[in-house]
Amino acid sequence: MINDVISPEFDEDGRPMRRIRSFVRRQGRLTKGQQFALDNYWPVMGVEYVAQPLDLAALFGREAPVVLEIGFGMGASLVTMAKNNPHQNFLGIEVHSPGVGACLSAAHEEGVTNLRVMCHDAVEVLENMIPCNALSMVQLFFPDPWHKARHNKRRIVQVPFADLVKSKLKLGGAFHMATDWEPYAEHMLEVMVSIDGYHNCSAEGNYVPRPESRPVTKFEQRGQRLGHGVWDLMFERVK
């Protein structure tokens, strides 16, 4: 696995350009199991970053609806979704290699074959590797809310990003977001309703109940016990 999440960008004079990232690269230590998974299962399920469009049908060895998840953490819910929906193909992107290793290990243990994973900046993957009109669903669950006001610009859900996601969705495809930070939920809603071509699937024009397609994570269960709320947003591409 080539772990080069932070790709250099240069201006026309060859000077490095600073790009605002929505994540901090916290590598952490790999457990022996995670390292074993990266060494042994990455060649089967891993996808290296290359700045050219993917042939998704060739990648999965079949034609099927493709669900893209951005920031899958340790991968437990992503593996569960892939196992429960064998008729769909799942592509997960995560910048932290311990999470990638954990996801690969769980997928192998569960016998999941309809899952591929990447370790790279999701924005660059969307821009350069995902064909337009190719995805049936994009999932973004519990992204970093960047609580401090001066850091709000780092939130991944901004108009340019949501527009980029829309271009990769098929007509009728959906962008599903979830957060446990209400101010971020409000920010997401404000961004999404401002973009032409999306339809809010909420009957009340705000949030939707958690769809059965999104498993409840241990993190979310803990938050529920503490009385924390979770807000799901579902926006369909209509043009």
# chains A, B, ... in the order shown; residues from 1 in each chain; ligands from 1
$ residues_around --residues "A:Leu59" --least-positions-apart "5" --cutoff "9 Å" --atoms "only C-alpha atoms" --output "PDB file with N, CA, C and O atoms, in the first residue's frame"
ATOM      1  N   VAL A  47      -7.068  -0.509  -3.224  1.00  0.00           N
ATOM      2  CA  VAL A  47      -6.979   0.226  -4.492  1.00  0.00           C
ATOM      3  C   VAL A  47      -5.996   1.359  -4.299  1.00  0.00           C
ATOM      4  O   VAL A  47      -6.185   2.232  -3.441  1.00  0.00           O
ATOM      5  N   LEU A  54     -11.362   5.263 -12.642  1.00  0.00           N
ATOM      6  CA  LEU A  54     -11.481   3.828 -12.393  1.00  0.00           C
ATOM      7  C   LEU A  54     -12.519   3.204 -13.319  1.00  0.00           C
ATOM      8  O   LEU A  54     -13.531   3.833 -13.628  1.00  0.00           O
ATOM      9  N   ARG A 116     -14.089  -2.809  -1.692  1.00  0.00           N
ATOM     10  CA  ARG A 116     -12.737  -2.369  -2.004  1.00  0.00           C
ATOM     11  C   ARG A 116     -12.443  -1.134  -1.153  1.00  0.00           C
ATOM     12  O   ARG A 116     -13.361  -0.365  -0.831  1.00  0.00           O
TER      13      ARG A 116
END
$ closest_atom_pairs --of "stretch 106-156 of chain A" --to "stretch 220-232 of chain A" --cutoff "12 Å" --atoms "only C-alpha atoms" --output "JSON lines"
{"residue": "A:Gln139", "atom": "CA", "partner": "A:Asp232", "partner_atom": "CA", "distance": 10.6}
{"residue": "A:Leu140", "atom": "CA", "partner": "A:Asp232", "partner_atom": "CA", "distance": 9.9}
{"residue": "A:Phe141", "atom": "CA", "partner": "A:Asp232", "partner_atom": "CA", "distance": 8.7}
{"residue": "A:Phe142", "atom": "CA", "partner": "A:Val230", "partner_atom": "CA", "distance": 9.1}
$ residues_around --residues "stretch 33-38 of chain A" --least-positions-apart "4" --cutoff "8 Å" --atoms "only C-alpha atoms" --output "JSON, numbers by chain"
{"A": [1, 42, 98, 100, 101, 102, 104, 105]}
$ residues_around --residues "stretch 182-186 of chain A" --least-positions-apart "4" --cutoff "12 Å" --atoms "only C-alpha atoms" --output "PDB file with N, CA and C atoms, in the first residue's frame"
ATOM      1  N   PHE A 141     -20.406   9.596   7.162  1.00  0.00           N
ATOM      2  CA  PHE A 141     -20.950   9.410   8.501  1.00  0.00           C
ATOM      3  C   PHE A 141     -19.972   9.913   9.559  1.00  0.00           C
ATOM      4  N   PHE A 142     -20.437  10.838  10.375  1.00  0.00           N
ATOM      5  CA  PHE A 142     -19.690  11.380  11.510  1.00  0.00           C
ATOM      6  C   PHE A 142     -18.317  11.938  11.120  1.00  0.00           C
ATOM      7  N   PRO A 143     -18.296  12.841  10.125  1.00  0.00           N
ATOM      8  CA  PRO A 143     -17.036  13.495   9.792  1.00  0.00           C
ATOM      9  C   PRO A 143     -16.615  14.441  10.918  1.00  0.00           C
ATOM     10  N   ASP A 144     -15.355  14.799  10.933  1.00  0.00           N
ATOM     11  CA  ASP A 144     -14.841  15.729  11.940  1.00  0.00           C
ATOM     12  C   ASP A 144     -15.634  17.031  11.865  1.00  0.00           C
ATOM     13  N   PRO A 145     -16.294  17.452  12.962  1.00  0.00           N
ATOM     14  CA  PRO A 145     -17.122  18.661  12.899  1.00  0.00           C
ATOM     15  C   PRO A 145     -16.328  19.953  12.995  1.00  0.00           C
ATOM     16  N   TRP A 146     -15.041  19.879  13.357  1.00  0.00           N
ATOM     17  CA  TRP A 146     -14.230  21.083  13.503  1.00  0.00           C
ATOM     18  C   TRP A 146     -15.015  22.131  14.308  1.00  0.00           C
ATOM     19  N   HIS A 147     -15.146  21.846  15.601  1.00  0.00           N
ATOM     20  CA  HIS A 147     -16.014  22.623  16.480  1.00  0.00           C
ATOM     21  C   HIS A 147     -15.698  24.120  16.535  1.00  0.00           C
ATOM     22  N   LYS A 148     -14.418  24.460  16.584  1.00  0.00           N
ATOM     23  CA  LYS A 148     -14.058  25.867  16.750  1.00  0.00           C
ATOM     24  C   LYS A 148     -14.395  26.669  15.494  1.00  0.00           C
ATOM     25  N   ALA A 149     -14.921  27.871  15.701  1.00  0.00           N
ATOM     26  CA  ALA A 149     -15.377  28.690  14.579  1.00  0.00           C
ATOM     27  C   ALA A 149     -14.255  28.933  13.574  1.00  0.00           C
ATOM     28  N   HIS A 151     -12.058  27.024  12.691  1.00  0.00           N
ATOM     29  CA  HIS A 151     -11.765  25.804  11.945  1.00  0.00           C
ATOM     30  C   HIS A 151     -12.934  25.352  11.069  1.00  0.00           C
ATOM     31  N   ASN A 152     -14.051  26.082  11.112  1.00  0.00           N
ATOM     32  CA  ASN A 152     -15.235  25.650  10.353  1.00  0.00           C
ATOM     33  C   ASN A 152     -14.939  25.495   8.870  1.00  0.00           C
ATOM     34  N   LYS A 153     -13.984  26.275   8.353  1.00  0.00           N
ATOM     35  CA  LYS A 153     -13.650  26.186   6.921  1.00  0.00           C
ATOM     36  C   LYS A 153     -13.070  24.820   6.556  1.00  0.00           C
ATOM     37  N   ARG A 154     -12.643  24.055   7.563  1.00  0.00           N
ATOM     38  CA  ARG A 154     -12.088  22.735   7.298  1.00  0.00           C
ATOM     39  C   ARG A 154     -13.164  21.650   7.166  1.00  0.00           C
ATOM     40  N   ARG A 155     -14.396  21.981   7.509  1.00  0.00           N
ATOM     41  CA  ARG A 155     -15.468  20.992   7.379  1.00  0.00           C
ATOM     42  C   ARG A 155     -15.569  20.529   5.927  1.00  0.00           C
ATOM     43  N   ILE A 156     -15.668  19.235   5.745  1.00  0.00           N
ATOM     44  CA  ILE A 156     -15.661  18.701   4.384  1.00  0.00           C
ATOM     45  C   ILE A 156     -16.922  19.087   3.613  1.00  0.00           C
ATOM     46  N   VAL A 157     -18.053  19.216   4.310  1.00  0.00           N
ATOM     47  CA  VAL A 157     -19.296  19.559   3.613  1.00  0.00           C
ATOM     48  C   VAL A 157     -19.343  21.069   3.391  1.00  0.00           C
ATOM     49  N   GLN A 158     -18.923  21.450   2.207  1.00  0.00           N
ATOM     50  CA  GLN A 158     -18.987  22.823   1.718  1.00  0.00           C
ATOM     51  C   GLN A 158     -19.591  22.753   0.314  1.00  0.00           C
ATOM     52  N   HIS A 176     -25.858  10.719   1.496  1.00  0.00           N
ATOM     53  CA  HIS A 176     -26.342  10.459   2.863  1.00  0.00           C
ATOM     54  C   HIS A 176     -25.270  10.883   3.854  1.00  0.00           C
ATOM     55  N   MET A 177     -25.620  11.813   4.733  1.00  0.00           N
ATOM     56  CA  MET A 177     -24.718  12.319   5.759  1.00  0.00           C
ATOM     57  C   MET A 177     -25.299  12.060   7.134  1.00  0.00           C
ATOM     58  N   ALA A 178     -24.438  11.915   8.125  1.00  0.00           N
ATOM     59  CA  ALA A 178     -24.891  11.783   9.515  1.00  0.00           C
ATOM     60  C   ALA A 178     -23.855  12.436  10.420  1.00  0.00           C
ATOM     61  N   GLU A 190     -27.786  23.740   5.551  1.00  0.00           N
ATOM     62  CA  GLU A 190     -27.691  25.030   4.870  1.00  0.00           C
ATOM     63  C   GLU A 190     -26.956  24.901   3.546  1.00  0.00           C
ATOM     64  N   VAL A 191     -25.860  24.146   3.559  1.00  0.00           N
ATOM     65  CA  VAL A 191     -25.085  23.939   2.328  1.00  0.00           C
ATOM     66  C   VAL A 191     -25.914  23.196   1.284  1.00  0.00           C
ATOM     67  N   MET A 192     -26.546  22.101   1.689  1.00  0.00           N
ATOM     68  CA  MET A 192     -27.224  21.235   0.737  1.00  0.00           C
ATOM     69  C   MET A 192     -28.443  21.899   0.100  1.00  0.00           C
ATOM     70  N   VAL A 193     -29.214  22.654   0.879  1.00  0.00           N
ATOM     71  CA  VAL A 193     -30.411  23.276   0.301  1.00  0.00           C
ATOM     72  C   VAL A 193     -30.052  24.433  -0.628  1.00  0.00           C
ATOM     73  N   GLY A 205     -38.354  18.808   5.420  1.00  0.00           N
ATOM     74  CA  GLY A 205     -37.385  19.733   4.850  1.00  0.00           C
ATOM     75  C   GLY A 205     -36.125  19.890   5.669  1.00  0.00           C
ATOM     76  N   ASN A 206     -35.884  18.946   6.600  1.00  0.00           N
ATOM     77  CA  ASN A 206     -34.641  19.052   7.377  1.00  0.00           C
ATOM     78  C   ASN A 206     -33.920  17.700   7.442  1.00  0.00           C
ATOM     79  N   TYR A 207     -34.245  16.873   8.451  1.00  0.00           N
ATOM     80  CA  TYR A 207     -33.506  15.634   8.662  1.00  0.00           C
ATOM     81  C   TYR A 207     -34.413  14.413   8.474  1.00  0.00           C
ATOM     82  N   VAL A 208     -33.779  13.268   8.199  1.00  0.00           N
ATOM     83  CA  VAL A 208     -34.539  12.029   8.013  1.00  0.00           C
ATOM     84  C   VAL A 208     -34.251  11.086   9.177  1.00  0.00           C
ATOM     85  N   HIS A 228     -26.990  11.845  23.675  1.00  0.00           N
ATOM     86  CA  HIS A 228     -26.571  12.639  22.524  1.00  0.00           C
ATOM     87  C   HIS A 228     -27.492  12.387  21.325  1.00  0.00           C
ATOM     88  N   GLY A 229     -27.733  13.393  20.528  1.00  0.00           N
ATOM     89  CA  GLY A 229     -28.552  13.237  19.331  1.00  0.00           C
ATOM     90  C   GLY A 229     -27.706  12.885  18.119  1.00  0.00           C
ATOM     91  N   VAL A 230     -28.355  12.360  17.102  1.00  0.00           N
ATOM     92  CA  VAL A 230     -27.723  12.092  15.807  1.00  0.00           C
ATOM     93  C   VAL A 230     -28.671  12.598  14.730  1.00  0.00           C
ATOM     94  N   TRP A 231     -28.106  13.286  13.749  1.00  0.00           N
ATOM     95  CA  TRP A 231     -28.897  13.868  12.677  1.00  0.00           C
ATOM     96  C   TRP A 231     -28.464  13.254  11.348  1.00  0.00           C
ATOM     97  N   ASP A 232     -29.429  12.659  10.623  1.00  0.00           N
ATOM     98  CA  ASP A 232     -29.187  12.104   9.290  1.00  0.00           C
ATOM     99  C   ASP A 232     -29.769  13.042   8.240  1.00  0.00           C
ATOM    100  N   LEU A 233     -29.023  13.267   7.181  1.00  0.00           N
ATOM    101  CA  LEU A 233     -29.491  14.049   6.039  1.00  0.00           C
ATOM    102  C   LEU A 233     -29.389  13.188   4.797  1.00  0.00           C
ATOM    103  N   MET A 234     -30.418  13.238   3.947  1.00  0.00           N
ATOM    104  CA  MET A 234     -30.440  12.451   2.714  1.00  0.00           C
ATOM    105  C   MET A 234     -30.895  13.346   1.573  1.00  0.00           C
TER     106      MET A 234
END
$ atom_distance --atom1 "atom CA of A:Glu236" --atom2 "atom CA of A:Asn200"
6.5 Å
$ select_by_dssp --residues "chain A" --states "helix (DSSP H, G or I)" --output "ChimeraX atom specification"
/A:32-40,42-45,56-60,76-84,97-110,122-128,149-154,159-168,182-193,218-225
$ select_by_dssp --residues "stretch 21-155 of chain A" --states "strand (DSSP E)" --output "list in words"
Val66, Val67, Leu68, Glu69, Ile70, Asn89, Phe90, Leu91, Gly92, Ile93, Leu115, Arg116, Val117, Met118, Leu135, Ser136, Met137, Val138, Gln139, Leu140 and Phe141 of chain A
$ write_last_selection --atoms "N, CA and C atoms" --output "compact mmCIF listing (two decimals), in the first residue's frame"
# COMPACT_ATOMS: atom_id res chain seq x y z
N VAL A 66 -22.94 1.06 -7.11
CA VAL A 66 -21.74 1.34 -6.31
C VAL A 66 -22.05 2.36 -5.22
N VAL A 67 -21.73 1.98 -3.98
CA VAL A 67 -21.86 2.85 -2.83
C VAL A 67 -20.47 3.27 -2.39
N LEU A 68 -20.24 4.57 -2.28
CA LEU A 68 -18.95 5.09 -1.84
C LEU A 68 -19.09 5.64 -0.44
N GLU A 69 -18.26 5.17 0.48
CA GLU A 69 -18.25 5.73 1.84
C GLU A 69 -16.95 6.47 2.08
N ILE A 70 -17.07 7.69 2.57
CA ILE A 70 -15.92 8.56 2.84
C ILE A 70 -15.67 8.57 4.34
N ASN A 89 -21.99 -3.00 -4.76
CA ASN A 89 -20.55 -2.89 -4.61
C ASN A 89 -20.24 -1.72 -3.68
N PHE A 90 -19.26 -1.88 -2.79
CA PHE A 90 -18.91 -0.85 -1.83
C PHE A 90 -17.44 -0.46 -1.99
N LEU A 91 -17.21 0.85 -2.03
CA LEU A 91 -15.85 1.39 -2.08
C LEU A 91 -15.69 2.34 -0.90
N GLY A 92 -14.74 2.04 -0.03
CA GLY A 92 -14.52 2.86 1.16
C GLY A 92 -13.22 3.62 1.07
N ILE A 93 -13.22 4.86 1.55
CA ILE A 93 -12.02 5.69 1.57
C ILE A 93 -11.75 6.13 3.00
N LEU A 115 -16.35 -5.51 -1.53
CA LEU A 115 -15.80 -4.32 -0.89
C LEU A 115 -14.37 -4.07 -1.36
N ARG A 116 -14.09 -2.81 -1.69
CA ARG A 116 -12.74 -2.37 -2.00
C ARG A 116 -12.44 -1.13 -1.15
N VAL A 117 -11.18 -0.94 -0.79
CA VAL A 117 -10.83 0.18 0.09
C VAL A 117 -9.65 0.96 -0.47
N MET A 118 -9.63 2.25 -0.08
CA MET A 118 -8.54 3.13 -0.47
C MET A 118 -8.04 3.88 0.75
N LEU A 135 -22.15 6.70 -9.33
CA LEU A 135 -22.43 6.17 -7.99
C LEU A 135 -23.92 6.18 -7.68
N SER A 136 -24.38 5.17 -6.97
CA SER A 136 -25.77 5.16 -6.53
C SER A 136 -25.93 5.82 -5.16
N MET A 137 -24.85 5.88 -4.39
CA MET A 137 -24.91 6.47 -3.06
C MET A 137 -23.52 6.94 -2.65
N VAL A 138 -23.47 8.10 -1.99
CA VAL A 138 -22.25 8.55 -1.31
C VAL A 138 -22.61 8.71 0.16
N GLN A 139 -21.81 8.10 1.03
CA GLN A 139 -22.06 8.12 2.46
C GLN A 139 -20.95 8.87 3.19
N LEU A 140 -21.36 9.73 4.10
CA LEU A 140 -20.41 10.50 4.91
C LEU A 140 -20.94 10.49 6.34
N PHE A 141 -20.41 9.60 7.16
CA PHE A 141 -20.95 9.41 8.50
C PHE A 141 -19.97 9.91 9.56
$ closest_residue --among "A:Ser213, A:Ser202, A:Ser194, A:Asn128" --to "A:Pro53" --atoms "only C-alpha atoms"
A:Asn128
$ closest_residue --among "A:Val44, A:Ala57, A:Met81, A:Val159" --to "A:Glu212" --atoms "only C-alpha atoms"
A:Met81
$ atom_distance --atom1 "atom CA of A:Asp180" --atom2 "atom CA of A:Lys218"
13.1 Å
$ closest_residue --among "A:Leu169, A:Ala107, A:Ala51, A:Ala134" --to "A:Ser77" --atoms "only C-alpha atoms"
A:Ala107
$ closest_residue --among "A:Phe60, A:Glu48, A:Thr31, A:Leu78" --to "A:Arg214" --atoms "only C-alpha atoms"
A:Leu78
$ atom_distance --atom1 "atom CA of A:Pro86" --atom2 "atom CA of A:Arg62"
11.8 Å
